[in-house]
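Pasted below: entry12.txt, compact mmCIF, C-alpha atoms and all ligand atoms.
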# COMPACT_ATOMS: atom_id res chain seq x y z
CA MET A 1 -23.92 -28.41 16.19
CA SER A 2 -24.39 -28.07 19.96
CA ALA A 3 -27.79 -27.92 21.59
CA VAL A 4 -27.25 -24.26 22.47
CA LYS A 5 -26.31 -23.37 18.93
CA LYS A 6 -29.26 -25.33 17.59
CA ALA A 7 -31.67 -23.50 19.88
CA ILE A 8 -30.19 -20.14 18.99
CA PHE A 9 -30.20 -21.07 15.33
CA THR A 10 -33.87 -22.09 15.38
CA LEU A 11 -34.75 -18.85 17.10
CA PHE A 12 -32.94 -16.75 14.53
CA ALA A 13 -34.08 -18.71 11.53
CA ALA A 14 -37.68 -18.23 12.72
CA GLY A 15 -37.07 -14.57 13.48
CA TYR A 16 -35.50 -13.98 10.12
CA ALA A 17 -38.32 -15.72 8.28
CA LEU A 18 -40.77 -13.55 10.23
CA LEU A 19 -38.88 -10.41 9.20
CA LEU A 20 -39.03 -11.40 5.55
CA CYS A 21 -42.77 -12.13 5.89
CA ALA A 22 -43.43 -8.86 7.69
CA GLY A 23 -41.51 -7.01 5.01
CA PHE A 24 -43.54 -8.73 2.34
CA LEU A 25 -46.88 -7.94 4.02
CA CYS A 26 -45.94 -4.31 4.54
CA GLY A 27 -45.08 -3.98 0.91
CA PHE A 28 -41.29 -3.68 1.27
CA SER A 29 -41.17 -7.11 -0.18
CA PRO A 30 -37.55 -8.08 0.34
CA ALA A 31 -38.74 -11.62 -0.27
CA ALA A 32 -40.02 -10.80 -3.71
CA GLU A 33 -36.70 -9.45 -4.87
CA GLU A 34 -34.60 -11.56 -2.63
CA SER A 35 -30.90 -11.39 -3.32
CA ARG A 36 -28.97 -14.52 -4.15
CA TYR A 37 -25.45 -15.20 -3.07
CA ARG A 38 -22.66 -17.03 -4.81
CA CYS A 39 -21.71 -20.07 -2.79
CA VAL A 40 -18.52 -21.95 -3.62
CA TRP A 41 -18.59 -25.55 -2.43
CA GLU A 42 -15.58 -27.60 -1.47
CA ASN A 43 -16.14 -29.98 -4.37
CA GLY A 44 -15.65 -27.04 -6.72
CA SER A 45 -19.29 -26.51 -7.65
CA VAL A 46 -20.87 -23.07 -7.44
CA THR A 47 -24.50 -22.39 -6.61
CA MET A 48 -26.59 -19.26 -6.12
CA GLU A 49 -28.26 -19.48 -2.71
CA SER A 50 -31.20 -17.50 -1.38
CA GLU A 51 -31.00 -15.67 1.96
CA GLY A 52 -33.37 -18.22 3.44
CA THR A 53 -31.12 -21.09 2.41
CA ALA A 54 -28.01 -19.25 3.59
CA VAL A 55 -29.61 -18.86 7.02
CA ARG A 56 -30.96 -22.40 7.06
CA LEU A 57 -27.57 -23.96 6.19
CA PHE A 58 -25.59 -21.56 8.40
CA ALA A 59 -22.62 -23.31 10.00
CA GLY A 60 -20.41 -20.46 11.12
CA ILE A 61 -18.79 -17.23 10.06
CA SER A 62 -15.23 -16.01 9.70
CA GLU A 63 -13.45 -13.25 7.83
CA GLU A 64 -13.36 -15.64 4.85
CA GLY A 65 -17.14 -15.67 4.74
CA GLU A 66 -20.19 -17.56 5.84
CA ALA A 67 -19.78 -21.32 6.01
CA LEU A 68 -22.76 -23.43 4.93
CA VAL A 69 -23.20 -27.12 5.42
CA ARG A 70 -25.64 -29.16 3.33
CA ARG A 71 -26.45 -32.86 3.42
CA GLY A 72 -24.51 -33.33 6.64
CA ASP A 73 -20.96 -32.77 5.49
CA GLU A 74 -20.74 -30.70 2.30
CA VAL A 75 -19.17 -27.36 3.15
CA GLY A 76 -19.64 -24.24 1.08
CA ARG A 77 -18.74 -20.62 1.52
CA ILE A 78 -20.40 -17.30 0.70
CA ALA A 79 -17.98 -14.37 0.67
CA LEU A 80 -18.88 -11.39 2.88
CA GLY A 81 -18.80 -7.71 2.01
CA GLU A 82 -16.08 -5.47 3.40
CA GLU A 83 -18.27 -4.10 6.20
CA ALA A 84 -19.32 -7.57 7.34
CA VAL A 85 -15.72 -8.81 7.30
CA HIS A 86 -14.79 -5.87 9.53
CA ALA A 87 -17.67 -6.62 11.90
CA VAL A 88 -16.67 -10.29 12.14
CA SER A 89 -13.11 -9.31 12.97
CA VAL A 90 -14.23 -6.87 15.69
CA LEU A 91 -16.80 -9.22 17.24
CA GLY A 92 -14.38 -12.13 17.22
CA GLY A 93 -11.73 -9.99 18.92
CA THR A 94 -11.27 -8.81 22.47
CA ASP A 95 -11.39 -5.00 22.11
CA LEU A 96 -14.43 -4.13 24.20
CA ALA A 97 -14.54 -0.46 23.10
CA ALA A 98 -14.50 -1.50 19.44
CA ILE A 99 -17.20 -4.12 20.05
CA ALA A 100 -19.39 -1.60 21.87
CA ALA A 101 -18.91 1.01 19.15
CA LEU A 102 -19.51 -1.33 16.22
CA GLY A 103 -22.23 0.09 13.97
CA THR A 104 -24.37 -1.99 11.65
CA GLU A 105 -25.83 0.82 9.49
CA ALA A 106 -23.69 -0.18 6.55
CA LEU A 107 -24.78 -3.81 6.75
CA SER A 108 -27.73 -5.32 4.94
CA LEU A 109 -30.56 -6.93 6.88
CA PHE A 110 -29.11 -10.24 5.73
CA GLY A 111 -25.62 -9.31 6.94
CA ARG A 112 -27.01 -8.36 10.34
CA ALA A 113 -28.97 -11.59 10.57
CA LEU A 114 -25.82 -13.59 9.87
CA LEU A 115 -23.81 -11.66 12.46
CA ASN A 116 -26.52 -12.04 15.09
CA LEU A 117 -26.67 -15.73 14.34
CA ALA A 118 -22.89 -16.11 14.45
CA PHE A 119 -22.33 -14.25 17.71
CA ALA A 120 -25.46 -15.14 19.67
CA GLY A 121 -23.46 -17.86 21.45
CA ARG A 122 -20.76 -15.45 22.59
CA LEU A 123 -21.37 -13.77 25.94
CA PHE A 124 -19.37 -10.85 27.19
CA TYR A 125 -18.86 -10.12 30.87
CA ALA A 126 -18.08 -6.51 31.69
CA ASP A 127 -19.77 -5.55 34.95
CA GLY A 128 -22.69 -7.67 33.81
CA PHE A 129 -23.47 -10.09 31.01
CA PHE A 130 -23.97 -8.91 27.45
CA VAL A 131 -24.68 -10.48 24.13
CA TRP A 132 -24.16 -8.79 20.78
CA GLN A 133 -27.39 -8.34 18.84
CA ASN A 134 -26.87 -5.37 16.54
CA GLY A 135 -25.14 -3.87 19.57
CA LEU A 136 -24.20 -5.01 23.07
CA MET A 137 -27.40 -5.96 24.89
CA PRO A 138 -27.66 -6.95 28.55
CA THR A 139 -28.73 -10.56 28.92
CA GLU A 140 -29.80 -12.94 31.63
CA ASN A 141 -29.35 -16.04 29.54
CA PHE A 142 -26.15 -17.58 30.87
CA GLU A 143 -25.98 -20.47 28.45
CA ALA A 144 -23.40 -19.77 25.82
CA GLU A 145 -20.76 -21.41 23.72
CA GLU A 146 -18.17 -18.91 24.81
CA ILE A 147 -17.77 -16.24 27.44
CA VAL A 148 -15.35 -13.36 27.04
CA LEU A 149 -14.21 -11.65 30.23
CA PHE A 150 -13.35 -7.99 30.74
CA GLY A 151 -12.51 -6.08 33.93
CA GLU A 152 -13.23 -7.32 37.42
CA VAL A 153 -15.07 -10.65 37.32
CA PRO A 154 -16.59 -12.03 40.52
CA ALA A 155 -16.29 -15.81 40.73
CA SER A 156 -19.98 -15.98 41.66
CA ALA A 157 -20.86 -14.61 38.22
CA LEU A 158 -18.86 -17.33 36.48
CA ARG A 159 -20.19 -20.20 38.56
CA ARG A 160 -23.65 -19.93 37.03
CA MET A 161 -22.21 -19.90 33.52
CA LYS A 162 -22.47 -22.84 31.23
CA ALA A 163 -20.01 -22.22 28.43
CA HIS A 164 -17.68 -24.40 26.46
CA MET A 165 -14.96 -21.84 26.02
CA LEU A 166 -13.61 -19.18 28.34
CA THR A 167 -11.78 -16.26 26.77
CA VAL A 168 -9.76 -14.08 29.13
CA THR A 169 -8.77 -10.65 27.89
CA PRO A 170 -5.86 -8.65 29.34
CA THR A 171 -8.17 -6.40 31.39
CA ALA A 172 -9.84 -9.31 33.20
CA GLN A 173 -9.22 -9.57 36.94
CA LEU A 174 -10.22 -13.01 38.08
CA GLY A 175 -10.81 -14.39 41.51
CA ALA A 176 -10.40 -18.10 42.18
CA LEU A 177 -12.10 -20.18 39.49
CA ALA A 178 -12.67 -23.25 41.67
CA GLY A 179 -16.28 -24.30 41.16
CA CYS A 180 -16.37 -23.00 37.59
CA SER A 181 -16.29 -25.39 34.68
CA PHE A 182 -14.96 -24.69 31.18
CA ALA A 183 -13.79 -27.10 28.51
CA SER A 184 -11.31 -24.88 26.72
CA PHE A 185 -9.55 -21.55 27.06
CA ARG A 186 -8.31 -18.64 25.00
CA ALA A 187 -6.18 -16.06 26.74
CA GLU A 188 -4.13 -12.94 26.18
CA ALA A 189 -1.20 -11.81 28.32
CA PRO A 190 -0.83 -11.71 31.26
CA TYR A 191 -3.01 -14.84 31.00
CA THR A 192 -1.89 -17.88 29.05
CA ALA A 193 -3.80 -20.92 27.91
CA GLU A 194 -1.57 -23.91 27.31
CA GLY A 195 -2.29 -27.61 27.17
CA ASP A 196 -5.91 -27.33 28.41
CA ALA A 197 -4.98 -25.22 31.45
CA LEU A 198 -5.25 -21.52 32.25
CA TYR A 199 -2.39 -19.61 33.91
CA LEU A 200 -1.73 -16.05 35.04
CA ARG A 201 1.74 -14.55 34.82
CA THR A 202 2.50 -12.06 37.58
CA ALA A 203 5.67 -10.40 38.82
CA GLY A 204 5.70 -12.96 41.64
CA GLY A 205 5.51 -15.98 39.33
CA VAL A 206 3.08 -18.04 37.30
CA ARG A 207 -0.23 -19.07 38.87
CA LEU A 208 -2.31 -22.07 37.80
CA LEU A 209 -5.96 -20.97 37.74
CA THR A 210 -7.95 -23.87 36.33
CA ALA A 211 -7.96 -26.64 33.75
CA SER A 212 -10.34 -28.15 31.24
CA SER A 213 -13.46 -29.97 32.40
CA GLU A 214 -13.09 -32.32 29.42
CA ALA A 215 -9.41 -33.21 29.84
CA GLU A 216 -8.66 -36.90 30.36
CA GLU A 217 -4.91 -36.37 30.17
CA LEU A 218 -3.30 -33.22 31.47
CA ILE A 219 0.36 -32.24 31.25
CA LEU A 220 0.68 -29.05 33.26
CA GLY A 221 3.45 -26.59 32.35
CA GLU A 222 5.78 -24.89 34.77
CA TYR A 223 4.05 -22.73 37.37
CA ASP A 224 4.97 -21.40 40.81
CA TYR A 225 1.60 -21.39 42.57
CA ALA A 226 -1.71 -23.14 42.13
CA ASP A 227 -5.14 -21.97 43.25
CA ARG A 228 -6.92 -24.25 45.68
CA GLY A 229 -9.22 -26.51 43.68
CA ALA A 230 -7.59 -25.57 40.37
CA LEU A 231 -8.33 -29.06 39.01
CA LEU A 232 -11.79 -29.41 40.55
CA ALA A 233 -13.46 -29.00 37.16
CA SER A 234 -11.35 -31.73 35.57
CA GLU A 235 -13.61 -34.57 36.62
CA LYS A 236 -12.68 -36.84 33.70
CA LEU A 237 -8.96 -36.73 34.41
CA SER A 238 -7.23 -40.09 34.38
CA SER A 239 -3.61 -39.07 33.77
CA LEU A 240 -1.87 -36.05 35.26
CA GLU A 241 1.67 -34.71 34.95
CA LEU A 242 2.55 -31.72 37.11
CA PRO A 243 5.65 -29.70 38.10
CA PHE A 244 5.10 -30.30 41.86
CA VAL A 245 2.44 -31.48 44.27
CA GLY A 246 0.70 -28.89 46.44
CA ASN A 247 0.07 -25.17 46.47
CA ALA A 248 3.52 -23.77 45.73
CA LEU A 249 6.87 -24.90 44.38
CA ASP A 250 8.51 -23.40 47.46
CA PRO A 251 5.87 -23.75 50.14
CA SER A 252 6.35 -21.35 53.01
CA GLY A 253 4.37 -20.02 55.95
CA THR A 254 1.19 -21.43 57.40
CA SER A 255 -0.62 -21.74 54.08
CA ALA A 256 1.71 -24.46 52.86
CA ASP A 257 -0.18 -27.47 51.55
CA GLY A 258 1.88 -30.18 49.93
CA THR A 259 -0.93 -32.58 49.09
CA LEU A 260 -2.39 -33.36 45.69
CA ALA A 261 -5.82 -32.97 47.26
CA TYR A 262 -5.12 -29.22 47.35
CA LEU A 263 -5.90 -29.22 43.62
CA PHE A 264 -8.93 -31.56 43.85
CA SER A 265 -11.49 -32.37 46.46
CA ASP A 266 -10.65 -35.94 45.65
CA GLY A 267 -8.85 -37.28 42.62
CA GLY A 268 -11.67 -39.71 41.94
CA SER A 269 -10.88 -40.86 38.41
CA LEU A 270 -7.12 -40.27 38.51
CA LYS A 271 -5.08 -43.37 37.63
CA LYS A 272 -1.67 -42.09 36.60
CA ILE A 273 0.42 -39.31 38.13
CA LYS A 274 3.83 -37.99 37.14
CA VAL A 275 5.52 -35.39 39.36
CA ARG A 276 8.48 -33.53 37.90
CA GLY A 277 9.81 -31.67 40.96
CA GLY A 278 9.24 -30.17 44.39
CA ALA A 279 8.90 -32.15 47.58
CA LEU A 280 6.52 -34.97 48.46
CA VAL A 281 5.27 -34.59 52.02
CA SER A 282 3.75 -37.24 54.32
CA HIS A 283 0.42 -38.45 52.92
CA ALA A 284 0.92 -36.30 49.81
CA PHE A 285 -1.61 -38.46 47.91
CA TYR A 286 -4.16 -39.06 50.67
CA ALA A 287 -7.25 -38.43 48.58
CA CYS A 288 -6.47 -40.37 45.42
CA PRO A 289 -8.24 -43.69 45.92
CA SER A 290 -7.97 -44.95 42.34
CA VAL A 291 -4.35 -44.07 41.57
CA GLU A 292 -2.48 -47.02 40.08
CA GLU A 293 0.78 -45.50 38.88
CA ILE A 294 2.98 -42.75 40.30
CA ASP A 295 6.22 -41.58 38.73
CA ALA A 296 8.34 -39.40 41.03
CA CYS A 297 11.64 -39.98 39.20
CA GLY A 298 14.50 -37.80 40.44
CA LEU A 299 12.66 -35.91 43.19
CA SER A 300 15.12 -34.90 45.88
CA SER A 301 12.73 -34.73 48.83
CA VAL A 302 10.23 -37.54 49.35
CA ALA A 303 8.69 -38.52 52.69
CA ALA A 304 8.82 -42.28 53.34
CA ASP A 305 5.05 -42.31 53.89
CA ALA A 306 4.17 -40.04 50.94
CA PHE A 307 2.39 -42.87 49.06
CA VAL A 308 1.04 -44.85 52.01
CA ASP A 309 -2.61 -43.91 51.31
CA CYS A 310 -2.58 -45.15 47.71
CA LYS A 311 -4.30 -48.47 48.27
CA GLY A 312 -4.68 -49.15 44.55
CA LEU A 313 -1.04 -48.47 43.67
CA THR A 314 0.41 -51.09 41.31
CA LEU A 315 3.50 -49.28 40.03
CA LEU A 316 5.69 -46.71 41.77
CA HIS A 317 8.84 -45.08 40.43
CA SER A 318 10.46 -43.66 43.56
CA PRO A 319 13.80 -41.92 44.13
CA ARG A 320 14.20 -43.69 47.47
CA GLY A 321 14.17 -47.37 48.25
CA ASP A 322 12.85 -47.30 51.81
CA ILE A 323 9.29 -46.32 50.98
CA LEU A 324 6.32 -47.37 53.13
CA LEU A 325 3.56 -48.96 51.09
CA ASN A 326 0.29 -50.70 51.79
CA GLY A 327 0.58 -54.29 50.58
CA ASN A 328 3.27 -56.45 49.03
CA TYR A 329 5.59 -54.99 46.42
CA ALA A 330 8.60 -56.26 44.52
CA ARG A 331 11.40 -53.71 44.32
CA GLU A 332 14.02 -53.33 41.62
CA GLU A 333 16.75 -50.75 41.03
CA LEU A 334 16.50 -48.66 37.89
CA PRO A 335 19.29 -47.25 35.70
CA CYS A 336 18.25 -43.71 36.73
CA GLY A 337 19.13 -44.52 40.36
CA CYS A 338 15.49 -44.78 41.45
CA PHE A 339 13.51 -47.82 42.55
CA LEU A 340 10.55 -49.42 40.87
CA TYR A 341 7.92 -50.90 43.16
CA ARG A 342 5.57 -53.37 41.51
CA LYS A 343 2.57 -54.73 43.38
CA ILE A 344 2.53 -58.50 43.89
CA SER A 345 -1.03 -59.73 43.65
ZN ZN A 401 14.02 -42.45 38.20
Just dump the structure as structure tokens.
Ligand SMILES: [Zn+2]
Amino acid sequence: MSAVKKAIFTLFAAGYALLLCAGFLCGFSPAAEESRYRCVWENGSVTMESEGTAVRLFAGISEEGEALVRRGDEVGRIALGEEAVHAVSVLGGTDLAAIAALGTEALSLFGRALLNLAFAGRLFYADGFFVWQNGLMPTENFEAEEIVLFGEVPASALRRMKAHMLTVTPTAQLGALAGCSFASFRAEAPYTAEGDALYLRTAGGVRLLTASSEAEELILGEYDYADRGALLASEKLSSLELPFVGNALDPSGTSADGTLAYLFSDGGSLKKIKVRGGALVSHAFYACPSVEEIDACGLSSVAADAFVDCKGLTLLHSPRGDILLNGNYAREELPCGCFLYRKIS
């Protein structure tokens, strides 16, 4: 359980206990005739759990029911009523109108408590930040497990976010995401989330928007353009495979930038790079101090001084054999027609 979830959980557990107490003191006494719920555990045993226990052991909610975890790793499940299942499906989805219109009248106090607990970590951005607490409520707490984006989203709004997951709905219009940091992505067309990276499909081609802040290895798919700083958040990256180096597969005009640094400020931790296509310009890897291996097999256009800044290079797979390198390298021809440069220490 993350720190955020723990904090939210504690808050709700306390709140819920307070509600039960208040009810008891006022004579409603839900505590006195507290309902019990049938919990089926993974080991096959069945127990009847009180609302208090169900809240205390809360580990998540899905249309299959509430998940409980006891003694660290024993998972059980309490089935939800029809209304709660519907609410879970709506709140877990990306239909903003349905989320905004979701009523909770048919739900029990317990059902509402579970839903509030389950979705407290999910922020919605739609002209402002909202959290669902028996309805969409404006919030100024930007710490969340997940943020779901609708409509026009200024980058400044996202930069102050701390969320593990970014969900991009079809209505979202995003500016550049450089400076934002998310570990994982969910997306609906025209956005796609593949292999820890987020893309936007437009009539003009596919655009790389950003990639995971947690990724150590990244194999980027095919795209036509990349946003400046698209890999800025990926500070743990040690291995990168990409379709081309620079801002566009076919760079044109004055905005052409054929360097890897276009995607980073500097590729600090990057050790291994594989480029599948495009051209490698002069000093294409000028800001990658720790790179040890580059594979540029089969590229048709490579400047002789493309790799000259890679002072730590130990292994280079290059389509041409007259490459300028810093230091002493042994060169051998490969069956693919390329040359392998190996650093001699
Ligand atoms: Zn080759």
Find the residues near Gln133 of chain A: any atom within 9 Å, counting only C-alpha atoms, skip ones fewer than 4 places away on the same chain, and give them as a ChimeraX atom specification.
/A:112,115-117,119-120,137
List the spatial neighbours of segment 268-280 of chain A as an mmCIF file with C-alpha atoms, keeping the file's coordinate frame - criterion: any atom at most 9 Å away, all atoms listed in the file, same-chain residues fewer than 6 positions off excluded.
data_model
loop_
_atom_site.group_PDB
_atom_site.id
_atom_site.type_symbol
_atom_site.label_atom_id
_atom_site.label_comp_id
_atom_site.auth_asym_id
_atom_site.auth_seq_id
_atom_site.Cartn_x
_atom_site.Cartn_y
_atom_site.Cartn_z
ATOM 1 C CA GLU A 216 -8.660 -36.900 30.360
ATOM 2 C CA ILE A 219 0.360 -32.240 31.250
ATOM 3 C CA GLU A 235 -13.610 -34.570 36.620
ATOM 4 C CA LYS A 236 -12.680 -36.840 33.700
ATOM 5 C CA LEU A 237 -8.960 -36.730 34.410
ATOM 6 C CA SER A 238 -7.230 -40.090 34.380
ATOM 7 C CA SER A 239 -3.610 -39.070 33.770
ATOM 8 C CA LEU A 240 -1.870 -36.050 35.260
ATOM 9 C CA GLU A 241 1.670 -34.710 34.950
ATOM 10 C CA LEU A 242 2.550 -31.720 37.110
ATOM 11 C CA PRO A 243 5.650 -29.700 38.100
ATOM 12 C CA PHE A 244 5.100 -30.300 41.860
ATOM 13 C CA VAL A 245 2.440 -31.480 44.270
ATOM 14 C CA GLY A 246 0.700 -28.890 46.440
ATOM 15 C CA ALA A 248 3.520 -23.770 45.730
ATOM 16 C CA LEU A 249 6.870 -24.900 44.380
ATOM 17 C CA ASP A 250 8.510 -23.400 47.460
ATOM 18 C CA GLY A 258 1.880 -30.180 49.930
ATOM 19 C CA THR A 259 -0.930 -32.580 49.090
ATOM 20 C CA ALA A 287 -7.250 -38.430 48.580
ATOM 21 C CA CYS A 288 -6.470 -40.370 45.420
ATOM 22 C CA PRO A 289 -8.240 -43.690 45.920
ATOM 23 C CA SER A 290 -7.970 -44.950 42.340
ATOM 24 C CA VAL A 291 -4.350 -44.070 41.570
ATOM 25 C CA GLU A 292 -2.480 -47.020 40.080
ATOM 26 C CA GLU A 293 0.780 -45.500 38.880
ATOM 27 C CA ILE A 294 2.980 -42.750 40.300
ATOM 28 C CA ASP A 295 6.220 -41.580 38.730
ATOM 29 C CA ALA A 296 8.340 -39.400 41.030
ATOM 30 C CA CYS A 297 11.640 -39.980 39.200
ATOM 31 C CA GLY A 298 14.500 -37.800 40.440
ATOM 32 C CA LEU A 299 12.660 -35.910 43.190
ATOM 33 C CA SER A 300 15.120 -34.900 45.880
ATOM 34 C CA SER A 301 12.730 -34.730 48.830
ATOM 35 C CA VAL A 302 10.230 -37.540 49.350
ATOM 36 C CA ALA A 303 8.690 -38.520 52.690
ATOM 37 C CA ALA A 306 4.170 -40.040 50.940
ATOM 38 C CA PHE A 307 2.390 -42.870 49.060
ATOM 39 C CA LEU A 313 -1.040 -48.470 43.670
#
Pick out the residues no farther than 7 Å from ligand ZN 401 (chain A), counting all atoms listed in the file, and list them as number ranges by chain.
A: 297-298, 317-319, 334, 336-339
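Atom CA of Ala163 of chain A sits 6.2 Å away from atom CA of Glu143 of chain A.
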From atom CA of Gly44 of chain A to atom CA of Asp73 of chain A the spacing works out at 14.5 Å
Here atom CA of Leu316 of chain A and atom CA of Tyr329 of chain A stand apart by 9.5 Å
Hey, which of A:Gly312, A:Pro138, A:Gly52, A:Gly72 ends up closest to Gly327 of chain A? Count all atoms listed in the file.
A:Gly312
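Taking all atoms listed in the file into account, those protein, DNA and RNA residues with any atom at most 6 Å away from (-25.9, -23.9, 4.3) amount to Ala54, Arg56, Leu57, Phe58, Leu68, Val69 and Arg70 of chain A.
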Centre and edges of the segment 239-249 of chain A box, axis-aligned, 6 Å extra per side, as JSON:
{"center_x": 1.6, "center_y": -31.4, "center_z": 40.1, "size_x": 22.5, "size_y": 27.3, "size_z": 24.7}
Using only C-alpha atoms for the distances, tell me which of A:Glu217, A:Leu91, A:Ala187, A:Ala178 is nearest to Leu232 of chain A.
A:Ala178
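Around Asn43 of chain A, within 10 Å and counting only C-alpha atoms, the residues found are Glu74, Val75 and Gly76 of chain A, once anything fewer than 5 positions away on its own chain is removed.
Nearest to Glu34 of chain A of all the residues A:Ala87, A:Ser108, A:Arg331, A:Leu166 is A:Ser108, based on only C-alpha atoms.
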